[in-house]
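Asker: Structure file work.cif, mmCIF, C-alpha atoms, is pasted below:
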```cif
data_entry
#
loop_
_atom_site.label_atom_id
_atom_site.label_comp_id
_atom_site.auth_asym_id
_atom_site.auth_seq_id
_atom_site.Cartn_x
_atom_site.Cartn_y
_atom_site.Cartn_z
CA MET O 1 0.00 0.00 0.00
CA ALA O 2 2.85 2.39 0.79
CA VAL O 3 4.33 1.62 -2.63
CA GLN O 4 1.04 2.52 -4.36
CA MET O 5 0.84 5.83 -2.51
CA LEU O 6 4.43 6.63 -3.43
CA LEU O 7 3.77 5.88 -7.12
CA ARG O 8 0.61 7.98 -7.08
CA ALA O 9 2.48 10.91 -5.48
CA ARG O 10 5.19 10.63 -8.15
CA ARG O 11 2.50 10.93 -10.86
CA ILE O 12 0.50 13.71 -9.27
CA GLY O 13 3.43 15.87 -8.09
CA PRO O 14 4.73 16.88 -11.53
CA LEU O 15 1.19 17.53 -12.75
CA LEU O 16 0.55 19.88 -9.83
CA VAL O 17 3.83 21.74 -10.43
CA ALA O 18 3.05 22.07 -14.16
CA GLY O 19 -0.44 23.37 -13.39
CA VAL O 20 0.82 25.99 -10.94
CA LEU O 21 3.49 27.16 -13.42
CA ALA O 22 0.94 27.39 -16.23
CA LEU O 23 -1.48 29.45 -14.13
CA THR O 24 1.31 31.76 -13.00
CA GLY O 25 2.47 32.29 -16.57
CA LEU O 26 -1.03 32.99 -17.87
CA SER O 27 -1.85 35.51 -15.19
CA ALA O 28 1.43 37.44 -15.33
CA CYS O 29 1.89 38.07 -19.06
CA THR O 30 -0.81 40.42 -20.27
CA PRO O 31 -1.26 43.95 -18.94
CA THR O 32 -4.85 45.00 -18.42
CA ILE O 33 -6.48 47.53 -20.72
CA LYS O 34 -7.30 50.69 -18.79
CA GLY O 35 -7.75 53.22 -21.55
CA ILE O 36 -8.12 53.97 -25.22
CA THR O 37 -5.82 55.48 -27.82
CA GLY O 38 -6.88 57.53 -30.80
CA VAL O 39 -5.26 59.71 -33.39
CA GLY O 40 -6.15 63.23 -34.45
CA VAL O 41 -4.68 66.44 -35.75
CA ASP O 42 -3.94 69.65 -33.89
CA ALA O 43 -4.70 73.21 -35.02
CA ASP O 44 -1.57 73.13 -37.22
CA ARG O 45 -2.83 69.88 -38.87
CA GLN O 46 0.03 67.92 -37.28
CA PRO O 47 -0.74 64.33 -36.13
CA VAL O 48 -1.28 63.79 -32.40
CA ALA O 49 -1.87 60.72 -30.29
CA VAL O 50 -4.95 61.13 -28.11
CA LEU O 51 -5.17 59.17 -24.85
CA SER O 52 -7.97 58.66 -22.34
CA TRP O 53 -7.63 56.34 -19.34
CA CYS O 54 -9.31 55.16 -16.18
CA ALA O 55 -6.12 54.10 -14.37
CA ASP O 56 -4.94 56.12 -11.37
CA ARG O 57 -2.13 57.62 -13.47
CA PRO O 58 -1.49 58.32 -17.15
CA PRO O 59 0.38 55.84 -19.37
CA ASP O 60 4.11 56.59 -19.42
CA VAL O 61 4.68 56.34 -23.17
CA VAL O 62 2.91 56.13 -26.49
CA THR O 63 4.35 53.31 -28.59
CA PHE O 64 4.04 53.92 -32.31
CA PHE O 65 5.07 51.66 -35.20
CA ALA O 66 4.30 50.69 -38.80
CA GLN O 67 2.22 47.59 -39.32
CA ARG O 68 3.87 44.96 -41.48
CA ALA O 69 1.68 43.36 -44.19
CA SER O 70 -1.60 44.15 -42.49
CA ILE O 71 -5.11 45.24 -43.32
CA SER O 72 -5.99 48.69 -42.09
CA PRO O 73 -9.43 48.64 -40.53
CA SER O 74 -10.95 50.92 -43.11
CA PRO O 75 -13.97 50.32 -45.27
CA SER O 76 -11.73 49.94 -48.33
CA THR O 77 -9.96 46.83 -46.93
CA VAL O 78 -6.96 47.74 -49.07
CA ALA O 79 -4.03 45.51 -48.24
CA THR O 80 -1.17 47.42 -46.72
CA SER O 81 2.51 46.79 -46.73
CA THR O 82 5.63 48.66 -45.87
CA GLY O 83 7.11 48.98 -49.36
CA TRP O 84 9.28 51.87 -48.17
CA PRO O 85 12.47 51.98 -46.08
CA TYR O 86 12.30 50.40 -42.63
CA TRP O 87 10.82 52.64 -39.93
CA PRO O 88 11.56 51.28 -36.46
CA GLY O 89 8.76 53.21 -34.82
CA ARG O 90 8.95 55.53 -31.89
CA ARG O 91 8.13 55.96 -28.23
CA TYR O 92 6.77 59.31 -27.08
CA ALA O 93 6.72 60.31 -23.40
CA VAL O 94 3.38 61.20 -21.86
CA PRO O 95 3.71 64.08 -19.38
CA ARG O 96 3.49 62.80 -15.80
CA ALA O 97 1.03 65.54 -14.85
CA ALA O 98 -1.26 64.77 -17.83
CA THR O 99 -4.97 64.52 -17.16
CA SER O 100 -7.38 62.38 -19.15
CA PRO O 101 -7.90 62.98 -22.04
CA THR O 102 -4.57 64.30 -23.28
CA THR O 103 -2.73 64.68 -26.56
CA VAL O 104 0.87 63.82 -27.38
CA ARG O 105 2.44 65.40 -30.44
CA LEU O 106 4.02 62.82 -32.74
CA GLU O 107 7.31 64.61 -33.48
CA GLY O 108 9.04 63.30 -36.60
CA PHE O 109 5.88 61.81 -38.07
CA PRO O 110 5.25 61.19 -40.86
CA PRO O 111 8.73 59.81 -41.49
CA ASP O 112 10.90 60.92 -44.38
CA PRO O 113 10.60 59.54 -46.98
CA THR O 114 6.85 59.65 -46.57
CA PRO O 115 5.28 56.20 -46.87
CA GLY O 116 2.51 55.40 -49.32
CA ARG O 117 -1.10 56.20 -48.53
CA HIS O 118 -1.93 52.57 -47.68
CA VAL O 119 0.77 51.90 -45.10
CA ALA O 120 -0.88 51.20 -41.75
CA PHE O 121 0.40 52.50 -38.42
CA ARG O 122 -0.56 51.40 -34.91
CA LEU O 123 -0.17 53.30 -31.67
CA PHE O 124 -1.10 52.71 -28.04
CA GLY O 125 -0.29 53.95 -24.55
CA VAL O 126 1.48 51.77 -22.00
CA ALA O 127 2.73 52.02 -18.44
CA SER O 128 6.49 51.46 -18.22
CA ASP O 129 5.97 48.71 -15.63
CA ASN O 130 3.48 46.93 -17.97
CA SER O 131 0.75 47.21 -15.34
CA PHE O 132 -1.70 48.52 -17.94
CA THR O 133 -2.04 49.49 -21.56
CA SER O 134 -4.62 51.24 -23.70
CA HIS O 135 -6.63 49.90 -26.61
CA SER O 136 -4.68 50.67 -29.78
CA VAL O 137 -5.64 52.55 -32.92
CA THR O 138 -4.64 51.55 -36.45
CA PHE O 139 -4.70 54.16 -39.21
CA ARG O 140 -3.25 55.25 -42.55
CA LEU O 141 -1.93 58.68 -43.52
CA ALA O 142 -4.78 59.12 -46.00
CA GLU O 143 -7.26 58.87 -43.12
CA LEU O 144 -5.68 61.88 -41.38
CA GLU O 145 -6.05 64.18 -44.39
CA ASP O 146 -9.76 64.90 -43.84
CA MET O 147 -9.67 65.00 -40.03
CA GLN O 148 -10.62 68.18 -38.23
CA PRO O 149 -9.14 69.31 -34.90
CA GLY O 150 -11.46 68.14 -32.12
CA SER O 151 -12.26 64.76 -33.66
CA VAL O 152 -10.51 61.52 -32.77
CA LEU O 153 -10.10 58.45 -34.97
CA ILE O 154 -10.41 55.22 -32.96
CA THR O 155 -10.37 51.51 -33.74
CA ASP O 156 -13.35 49.51 -32.45
CA ILE O 157 -13.66 45.75 -32.36
CA VAL O 158 -16.91 44.70 -34.09
CA ASP O 159 -17.72 41.06 -34.84
CA ASN O 160 -14.07 40.08 -34.14
CA GLY O 161 -12.81 42.60 -36.71
CA GLU O 162 -11.38 46.10 -36.49
CA VAL O 163 -13.53 49.03 -37.63
CA GLN O 164 -12.55 52.67 -37.55
CA ARG O 165 -14.79 55.52 -36.52
CA SER O 166 -14.40 59.16 -35.69
CA VAL O 167 -15.67 60.45 -32.34
CA SER O 168 -15.72 63.78 -30.53
CA VAL O 169 -13.20 64.47 -27.77
CA ASP O 170 -16.04 64.26 -25.20
CA GLU O 171 -17.13 60.81 -26.41
CA PHE O 172 -13.48 59.74 -26.50
CA ALA O 173 -13.00 60.84 -22.88
CA SER O 174 -16.06 58.83 -21.88
CA LEU O 175 -14.75 55.72 -23.66
CA GLY O 176 -11.50 55.99 -21.70
CA GLN O 177 -13.30 56.36 -18.38
CA ASN O 178 -15.42 53.29 -19.17
CA ALA O 179 -12.41 51.11 -20.08
CA CYS O 180 -12.05 49.77 -16.50
#
```
Starting from the file, lay out its structure as structure tokens.
Answerer:
Amino acid sequence: MAVQMLLRARRIGPLLVAGVLALTGLSACTPTIKGITGVGVDADRQPVAVLSWCADRPPDVVTFFAQRASISPSPSTVATSTGWPYWPGRRYAVPRAATSPTTVRLEGFPPDPTPGRHVAFRLFGVASDNSFTSHSVTFRLAELEDMQPGSVLITDIVDNGEVQRSVSVDEFASLGQNAC
């Protein structure tokens, strides 16, 4: 009987250890979403990241990069690619005293040489300790051409797909507050 218990413990022990490690790994990897990111233009028609959050502090940085071989969530469903020189993306600091919603000017964007109209970009806010992030926005340069200051382009998830829509700053602020 002691031998059977020892064999059973040898079988169950590794399974328990594997289960605990799997649960720890699953719960520690993904930061929670506590905000929303959009893109707009300022009064000078320069691109700005727009952030709204429900966390107790603002995100530390806006991470911004070109999508590789992706579909921009626009009604045209035009395939995008980066057929222009490599652009490593950027990180823009969010002021520590920022209040929600806030804008962050995207200095150096668009890059030179300017990419084609169908190249997709993605940006989102993130805390430097990875405790939270914001829902990202995907856009193309062509989609910024008709934007007016005071409107924000966001990416919604509808039927497991990405759809873009333009919202007012007030609606955007509300979406960020409701992200928690």
Asker: When distances are computed from only C-alpha atoms, which of O:Gly125, O:Pro31, O:Gly38, O:Gly116 shows the smallest separation from Arg91 in chain O?
Answerer: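 Closest candidate: O:Gly125.
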Asker: Kindly indicate which residue among O:Pro111, O:Asp129, O:Ile154, O:Asp60 lies nearest to Gly176 in chain O, using only C-alpha atoms for the distances.
Answerer: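 Answer, going by the shortest atom-to-atom distance: O:Ile154.
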Asker: Can you measure CA of Ala55 in chain O to CA of Lys34 in chain O for me? One decimal in Å is fine.
Answerer: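 Between CA of Ala55 in chain O and CA of Lys34 in chain O the gap works out to 5.7 Å.
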Asker: Can you tell me which residues surround Ala173 in chain O at a distance of at most 12 Å, considering all atoms listed in the file, apart from same-chain residues fewer than 2 positions away, and format the answer as a short mmCIF file (atom, residue, chain, number, x, y, z; two decimals) with C-alpha atoms, in the frame of the given file?
Answerer:
```
data_model
loop_
_atom_site.label_atom_id
_atom_site.label_comp_id
_atom_site.auth_asym_id
_atom_site.auth_seq_id
_atom_site.Cartn_x
_atom_site.Cartn_y
_atom_site.Cartn_z
CA GLY O 35 -7.75 53.22 -21.55
CA ILE O 36 -8.12 53.97 -25.22
CA THR O 37 -5.82 55.48 -27.82
CA GLY O 38 -6.88 57.53 -30.80
CA VAL O 50 -4.95 61.13 -28.11
CA LEU O 51 -5.17 59.17 -24.85
CA SER O 52 -7.97 58.66 -22.34
CA TRP O 53 -7.63 56.34 -19.34
CA CYS O 54 -9.31 55.16 -16.18
CA THR O 99 -4.97 64.52 -17.16
CA SER O 100 -7.38 62.38 -19.15
CA PRO O 101 -7.90 62.98 -22.04
CA THR O 102 -4.57 64.30 -23.28
CA THR O 103 -2.73 64.68 -26.56
CA GLY O 150 -11.46 68.14 -32.12
CA SER O 151 -12.26 64.76 -33.66
CA VAL O 152 -10.51 61.52 -32.77
CA ILE O 154 -10.41 55.22 -32.96
CA VAL O 167 -15.67 60.45 -32.34
CA SER O 168 -15.72 63.78 -30.53
CA VAL O 169 -13.20 64.47 -27.77
CA ASP O 170 -16.04 64.26 -25.20
CA GLU O 171 -17.13 60.81 -26.41
CA LEU O 175 -14.75 55.72 -23.66
CA GLY O 176 -11.50 55.99 -21.70
CA GLN O 177 -13.30 56.36 -18.38
CA ASN O 178 -15.42 53.29 -19.17
CA ALA O 179 -12.41 51.11 -20.08
#
```
Asker: Which residues are near range 164-166 of chain O? Cut-off 10 Å, only C-alpha atoms, ignore same chain within fewer than 2 positions. Put them as a ChimeraX atom specification.
Answerer: /O:38-40,72-75,137-139,143,147,151-158,162,168-169,171-172
Asker: Report the distance between CA of Val94 in chain O and CA of Ala49 in chain O in Å, rounded to one decimal place.
Answerer: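 The value is 9.9 Å.
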Asker: Which neighbours of Asn130 in chain O fall inside 9 Å, counting only C-alpha atoms, when residues of the same chain fewer than 4 positions from it are skipped, and could you give them as a ChimeraX atom specification?
Answerer: /O:30-32,126
Asker: May I have the selected residues written with C-alpha atoms, as an mmCIF file, in the frame of the given file?
Answerer:
```cif
data_model
loop_
_atom_site.group_PDB
_atom_site.id
_atom_site.type_symbol
_atom_site.label_atom_id
_atom_site.label_comp_id
_atom_site.auth_asym_id
_atom_site.auth_seq_id
_atom_site.Cartn_x
_atom_site.Cartn_y
_atom_site.Cartn_z
ATOM 1 C CA THR O 30 -0.810 40.420 -20.270
ATOM 2 C CA PRO O 31 -1.260 43.950 -18.940
ATOM 3 C CA THR O 32 -4.850 45.000 -18.420
ATOM 4 C CA VAL O 126 1.480 51.770 -22.000
#
```
Asker: Check which residues satisfy the PyMOL selection byres ((chain O and resi 106) around 12) in the file shown, then give them as JSON, numbers by chain.
Answerer: {"O": [39, 40, 41, 42, 45, 46, 47, 48, 49, 50, 61, 62, 63, 64, 65, 89, 90, 91, 92, 93, 94, 103, 104, 105, 107, 108, 109, 110, 111, 123]}
Asker: With distances taken over all atoms listed in the file, which of O:Gln148, O:Ser136, O:Ser174, O:Gln67 is nearest to Phe124 in chain O?
Answerer: O:Ser136
Asker: What's the separation between CA of Asp159 in chain O and CA of His135 in chain O, in Å to one decimal place?
Answerer: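 CA of Asp159 in chain O sits 16.4 Å away from CA of His135 in chain O.
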